[in-house]
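Below is my_file.cif, holding mmCIF, C-alpha atoms.
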data_query
loop_
_atom_site.group_PDB
_atom_site.id
_atom_site.type_symbol
_atom_site.label_atom_id
_atom_site.label_comp_id
_atom_site.auth_asym_id
_atom_site.auth_seq_id
_atom_site.Cartn_x
_atom_site.Cartn_y
_atom_site.Cartn_z
ATOM 1 C CA MET V 1 7.686 10.045 -5.645
ATOM 2 C CA ARG V 2 3.996 10.886 -5.788
ATOM 3 C CA GLU V 3 3.180 13.887 -7.913
ATOM 4 C CA HIS V 4 0.455 16.365 -7.069
ATOM 5 C CA LEU V 5 -2.585 16.764 -9.297
ATOM 6 C CA ASP V 6 -2.806 20.091 -11.077
ATOM 7 C CA GLN V 7 -5.774 22.420 -10.625
ATOM 8 C CA THR V 8 -7.678 21.045 -13.648
ATOM 9 C CA ASP V 9 -7.338 17.424 -12.519
ATOM 10 C CA ARG V 10 -8.319 18.379 -8.950
ATOM 11 C CA ARG V 11 -11.441 20.137 -10.264
ATOM 12 C CA LEU V 12 -12.335 17.102 -12.387
ATOM 13 C CA VAL V 13 -11.920 14.751 -9.424
ATOM 14 C CA LYS V 14 -13.950 17.076 -7.184
ATOM 15 C CA LEU V 15 -16.835 17.203 -9.672
ATOM 16 C CA LEU V 16 -16.843 13.417 -10.087
ATOM 17 C CA SER V 17 -16.699 12.986 -6.303
ATOM 18 C CA GLN V 18 -19.886 15.011 -6.064
ATOM 19 C CA ASP V 19 -21.645 13.260 -8.953
ATOM 20 C CA ALA V 20 -19.935 10.384 -10.758
ATOM 21 C CA GLN V 21 -22.765 10.249 -13.297
ATOM 22 C CA LEU V 22 -21.777 13.526 -14.945
ATOM 23 C CA GLY V 23 -20.943 12.948 -18.592
ATOM 24 C CA VAL V 24 -17.887 14.408 -20.277
ATOM 25 C CA ASN V 25 -19.951 17.114 -21.994
ATOM 26 C CA ARG V 26 -21.369 18.341 -18.688
ATOM 27 C CA LEU V 27 -17.955 18.103 -17.008
ATOM 28 C CA ALA V 28 -16.364 20.145 -19.804
ATOM 29 C CA GLU V 29 -19.107 22.761 -19.449
ATOM 30 C CA LYS V 30 -18.706 23.017 -15.669
ATOM 31 C CA MET V 31 -14.918 23.186 -15.950
ATOM 32 C CA ALA V 32 -14.920 25.583 -18.913
ATOM 33 C CA VAL V 33 -12.600 23.339 -20.929
ATOM 34 C CA SER V 34 -13.037 21.318 -24.109
ATOM 35 C CA VAL V 35 -14.597 17.846 -24.192
ATOM 36 C CA PRO V 36 -11.354 16.291 -25.566
ATOM 37 C CA THR V 37 -9.460 17.822 -22.624
ATOM 38 C CA VAL V 38 -11.852 16.187 -20.139
ATOM 39 C CA ARG V 39 -11.631 12.839 -21.960
ATOM 40 C CA MET V 40 -7.835 12.937 -22.050
ATOM 41 C CA ARG V 41 -7.490 13.922 -18.389
ATOM 42 C CA LEU V 42 -10.080 11.399 -17.255
ATOM 43 C CA ARG V 43 -8.386 8.591 -19.204
ATOM 44 C CA ASN V 44 -4.988 9.651 -17.802
ATOM 45 C CA LEU V 45 -6.266 9.606 -14.191
ATOM 46 C CA LEU V 46 -7.877 6.199 -14.700
ATOM 47 C CA ASP V 47 -4.846 4.711 -16.502
ATOM 48 C CA ARG V 48 -2.461 5.916 -13.772
ATOM 49 C CA ASN V 49 -4.704 4.349 -11.110
ATOM 50 C CA LEU V 50 -5.264 7.751 -9.512
ATOM 51 C CA LEU V 51 -9.027 7.698 -9.944
ATOM 52 C CA LYS V 52 -11.601 4.965 -9.735
ATOM 53 C CA ILE V 53 -15.240 5.603 -10.565
ATOM 54 C CA VAL V 54 -17.449 3.198 -8.618
ATOM 55 C CA GLY V 55 -20.854 2.958 -7.028
ATOM 56 C CA LEU V 56 -20.713 3.551 -3.297
ATOM 57 C CA LEU V 57 -23.127 2.006 -0.847
ATOM 58 C CA ASN V 58 -24.433 3.880 2.199
ATOM 59 C CA LEU V 59 -23.340 1.449 4.893
ATOM 60 C CA THR V 60 -25.585 3.062 7.522
ATOM 61 C CA GLU V 61 -28.622 1.922 5.501
ATOM 62 C CA ARG V 62 -27.538 -1.722 5.098
ATOM 63 C CA PRO V 63 -28.269 -3.749 8.248
ATOM 64 C CA GLU V 64 -27.170 -7.009 6.586
ATOM 65 C CA LEU V 65 -23.579 -5.760 6.349
ATOM 66 C CA ILE V 66 -21.168 -5.715 9.273
ATOM 67 C CA SER V 67 -18.441 -3.100 9.281
ATOM 68 C CA ALA V 68 -15.370 -3.352 11.485
ATOM 69 C CA ILE V 69 -12.060 -1.626 11.999
ATOM 70 C CA VAL V 70 -9.164 -3.910 12.891
ATOM 71 C CA GLY V 71 -6.024 -2.567 14.551
ATOM 72 C CA ILE V 72 -2.942 -4.719 13.982
ATOM 73 C CA ASN V 73 0.407 -4.794 15.745
ATOM 74 C CA ALA V 74 2.990 -6.312 13.442
ATOM 75 C CA GLN V 75 6.465 -7.679 13.967
ATOM 76 C CA GLY V 76 7.456 -6.712 10.453
ATOM 77 C CA ARG V 77 10.856 -5.147 11.024
ATOM 78 C CA GLY V 78 10.125 -2.251 8.676
ATOM 79 C CA ARG V 79 7.839 -4.225 6.374
ATOM 80 C CA ALA V 80 4.454 -2.984 7.606
ATOM 81 C CA ARG V 81 3.611 -1.621 4.159
ATOM 82 C CA GLU V 82 4.196 -5.022 2.541
ATOM 83 C CA LEU V 83 1.942 -6.687 5.110
ATOM 84 C CA ALA V 84 -0.709 -3.982 4.641
ATOM 85 C CA GLN V 85 -0.595 -4.578 0.868
ATOM 86 C CA ARG V 86 -1.162 -8.325 1.320
ATOM 87 C CA ILE V 87 -4.012 -7.687 3.774
ATOM 88 C CA SER V 88 -5.621 -5.153 1.402
ATOM 89 C CA GLU V 89 -5.940 -7.881 -1.246
ATOM 90 C CA LEU V 90 -7.957 -10.206 1.012
ATOM 91 C CA PRO V 91 -11.687 -10.759 0.509
ATOM 92 C CA PHE V 92 -13.903 -8.510 2.661
ATOM 93 C CA VAL V 93 -11.129 -5.911 3.146
ATOM 94 C CA ASN V 94 -11.918 -2.367 1.987
ATOM 95 C CA SER V 95 -8.476 -1.001 2.830
ATOM 96 C CA ALA V 96 -5.377 -1.501 4.951
ATOM 97 C CA SER V 97 -3.356 1.515 6.069
ATOM 98 C CA VAL V 98 -0.005 1.875 7.815
ATOM 99 C CA VAL V 99 -0.615 4.347 10.636
ATOM 100 C CA THR V 100 0.969 6.058 13.603
ATOM 101 C CA GLY V 101 -0.231 5.395 17.135
ATOM 102 C CA ARG V 102 -0.741 2.206 19.098
ATOM 103 C CA PHE V 103 -1.329 0.052 16.001
ATOM 104 C CA ASP V 104 0.921 -0.437 12.991
ATOM 105 C CA ILE V 105 -1.885 -1.126 10.519
ATOM 106 C CA ILE V 106 -5.586 -0.258 10.493
ATOM 107 C CA VAL V 107 -7.850 -2.460 8.355
ATOM 108 C CA ASP V 108 -11.375 -1.521 7.235
ATOM 109 C CA VAL V 109 -13.515 -4.653 6.799
ATOM 110 C CA THR V 110 -17.058 -5.234 5.543
ATOM 111 C CA VAL V 111 -18.715 -8.652 5.705
ATOM 112 C CA ALA V 112 -22.119 -9.739 4.492
ATOM 113 C CA GLY V 113 -23.301 -12.287 6.958
ATOM 114 C CA ASP V 114 -22.973 -12.684 10.662
ATOM 115 C CA VAL V 115 -20.382 -12.207 13.383
ATOM 116 C CA ALA V 116 -18.989 -15.699 12.696
ATOM 117 C CA ASP V 117 -17.972 -14.482 9.214
ATOM 118 C CA LEU V 118 -16.275 -11.447 10.727
ATOM 119 C CA TYR V 119 -14.504 -13.720 13.201
ATOM 120 C CA ARG V 120 -13.118 -15.878 10.359
ATOM 121 C CA VAL V 121 -11.812 -12.778 8.584
ATOM 122 C CA THR V 122 -10.133 -11.361 11.693
ATOM 123 C CA SER V 123 -8.833 -14.612 13.168
ATOM 124 C CA GLU V 124 -7.869 -16.554 10.033
ATOM 125 C CA LEU V 125 -7.594 -14.446 6.875
ATOM 126 C CA ILE V 126 -5.835 -11.380 8.271
ATOM 127 C CA PRO V 127 -3.271 -13.268 10.417
ATOM 128 C CA GLY V 128 -2.749 -15.669 7.483
ATOM 129 C CA ALA V 129 -1.641 -12.778 5.263
ATOM 130 C CA GLY V 130 1.558 -12.467 7.276
ATOM 131 C CA GLU V 131 4.472 -14.761 7.902
ATOM 132 C CA PRO V 132 4.111 -16.868 11.070
ATOM 133 C CA GLY V 133 4.423 -14.493 14.035
ATOM 134 C CA GLU V 134 4.301 -11.356 11.879
ATOM 135 C CA VAL V 135 0.827 -10.364 13.115
ATOM 136 C CA VAL V 136 1.529 -10.132 16.830
ATOM 137 C CA ARG V 137 -1.813 -8.819 18.067
ATOM 138 C CA SER V 138 -5.058 -7.486 16.685
ATOM 139 C CA GLU V 139 -8.052 -5.690 18.112
ATOM 140 C CA THR V 140 -11.380 -5.567 16.303
ATOM 141 C CA PHE V 141 -13.821 -2.697 16.642
ATOM 142 C CA VAL V 142 -17.290 -3.556 15.308
ATOM 143 C CA VAL V 143 -19.001 -0.439 13.992
ATOM 144 C CA MET V 144 -22.291 -0.070 15.865
ATOM 145 C CA ALA V 145 -23.396 3.106 14.077
ATOM 146 C CA SER V 146 -21.723 5.317 11.526
ATOM 147 C CA CYS V 147 -22.337 8.679 9.947
ATOM 148 C CA ASN V 148 -21.623 9.358 6.293
ATOM 149 C CA LYS V 149 -19.928 5.978 5.713
ATOM 150 C CA TRP V 150 -20.035 5.153 2.015
ATOM 151 C CA VAL V 151 -18.152 2.084 0.804
ATOM 152 C CA SER V 152 -17.358 0.247 -2.343
ATOM 153 C CA LEU V 153 -18.105 -3.366 -1.505
ATOM 154 C CA PRO V 154 -14.938 -5.444 -1.226
ATOM 155 C CA GLU V 155 -14.481 -8.793 -2.938
ATOM 156 C CA GLY V 156 -16.448 -11.462 -1.117
ATOM 157 C CA CYS V 157 -19.473 -9.357 -0.159
ATOM 158 C CA TRP V 158 -22.731 -10.430 -1.749
ATOM 159 C CA SER V 159 -21.028 -13.150 -3.749
ATOM 160 C CA ASP V 160 -23.199 -16.201 -4.230
ATOM 161 C CA GLU V 161 -23.050 -18.436 -1.152
ATOM 162 C CA THR V 162 -20.680 -21.022 -2.629
ATOM 163 C CA THR V 163 -18.190 -18.425 -3.845
ATOM 164 C CA ALA V 164 -18.174 -16.598 -0.517
ATOM 165 C CA ARG V 165 -17.593 -19.813 1.417
ATOM 166 C CA LYS V 166 -14.750 -20.875 -0.907
ATOM 167 C CA GLU V 167 -12.953 -17.558 -0.343
ATOM 168 C CA MET V 168 -12.865 -18.097 3.393
ATOM 169 C CA PRO V 169 -10.767 -21.039 4.635
#
Using structure tokens, write down the structure from this file.
Amino acid sequence: MREHLDQTDRRLVKLLSQDAQLGVNRLAEKMAVSVPTVRMRLRNLLDRNLLKIVGLLNLTERPELISAIVGINAQGRGRARELAQRISELPFVNSASVVTGRFDIIVDVTVAGDVADLYRVTSELIPGAGEPGEVVRSETFVVMASCNKWVSLPEGCWSDETTARKEMP
């Protein structure tokens, strides 16, 4: 079962969400706790995979990147989460989420290249993550404009040309 973060951890995460460049001394000052407390809590959050500190890119300012949302209907017989996990590990995939509504899984994709690259991801990589017939149908929504969309680049984006081409069958 997932446990809730306590008030101190939530405050630490909130401060880092606002400015990930804050050092432990400044964080301790803002939180009114000791520096060792901040270090210990930060290490604990990182070790438990509850927090990741990364550089985010403003996708609205990067015309060379294509963002898309892919809705997937799966014939997983209760295994949608397993399929979503496999999809989430693919190159160019930011995340895969099991959802309610007309789709079983929603996938957030970012490709550096052209629409042909996006097509390969949506028509080959994503369906290939499932067993034959497991991905029944998909619908791709290319993001034409977005507001406040910050992303951590997925594996495959801005790799050198040979690496990127090897990752895509």
Pick out the closest residue to Val121 of chain V from this set: V:Asn49, V:Ser152, V:Thr100, V:Ser138. Count all atoms listed in the file.
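Of V:Asn49, V:Ser152, V:Thr100, V:Ser138, the one nearest Val121 of chain V, counting all atoms listed in the file, is V:Ser138.
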Once the PyMOL selection byres ((chain V and resi 111) around 7) has been applied to the shown file, what residues remain in the selection, as a list in words?
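Those residues are Leu65, Ile66, Ser67, Phe92, Val109, Thr110, Ala112, Gly113, Asp117, Leu118 and Cys157 of chain V.
Relative to atom CA of Leu57 of chain V, atom CA of Ala20 of chain V is found at 13.4 Å.
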Evaluate the PyMOL selection byres ((chain V and resi 81-91) around 7) on the structure here and hand back the selected residues as a PDB file with C-alpha atoms, keeping the file's coordinate frame.
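New file out.pdb:
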ATOM      1  CA  ARG V  79       7.839  -4.225   6.374  1.00  0.00           C
ATOM      2  CA  ALA V  80       4.454  -2.984   7.606  1.00  0.00           C
ATOM      3  CA  PHE V  92     -13.903  -8.510   2.661  1.00  0.00           C
ATOM      4  CA  VAL V  93     -11.129  -5.911   3.146  1.00  0.00           C
ATOM      5  CA  ASN V  94     -11.918  -2.367   1.987  1.00  0.00           C
ATOM      6  CA  SER V  95      -8.476  -1.001   2.830  1.00  0.00           C
ATOM      7  CA  ALA V  96      -5.377  -1.501   4.951  1.00  0.00           C
ATOM      8  CA  SER V  97      -3.356   1.515   6.069  1.00  0.00           C
ATOM      9  CA  VAL V  98      -0.005   1.875   7.815  1.00  0.00           C
ATOM     10  CA  ILE V 105      -1.885  -1.126  10.519  1.00  0.00           C
ATOM     11  CA  ILE V 126      -5.835 -11.380   8.271  1.00  0.00           C
ATOM     12  CA  ALA V 129      -1.641 -12.778   5.263  1.00  0.00           C
ATOM     13  CA  GLY V 130       1.558 -12.467   7.276  1.00  0.00           C
ATOM     14  CA  PRO V 154     -14.938  -5.444  -1.226  1.00  0.00           C
ATOM     15  CA  GLU V 155     -14.481  -8.793  -2.938  1.00  0.00           C
ATOM     16  CA  GLY V 156     -16.448 -11.462  -1.117  1.00  0.00           C
ATOM     17  CA  GLU V 167     -12.953 -17.558  -0.343  1.00  0.00           C
TER      18      GLU V 167
END
If the PyMOL selection byres ((chain V and resi 45) around 12) is run on the structure shown, which residues does it catch, given as a count of residues only?
24
A straight line from atom CA of Leu56 of chain V to atom CA of Val151 of chain V spans 5.1 Å
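Distances to Trp150 of chain V were evaluated for V:Val135, V:Ile69, V:Val115, V:Leu59 using all atoms listed in the file, and the minimum falls at V:Leu59.
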Atom CA of Thr140 of chain V to atom CA of Glu124 of chain V: how many Å, to one decimal?
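Value for the atom CA of Thr140 of chain V-atom CA of Glu124 of chain V distance: 13.1 Å.
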For Val136 of chain V, which of V:Leu153, V:Ile106, V:Met31, V:Ala74 is the closest residue, counting all atoms listed in the file?
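Comparing V:Leu153, V:Ile106, V:Met31, V:Ala74 against Val136 of chain V, the winner is V:Ala74.
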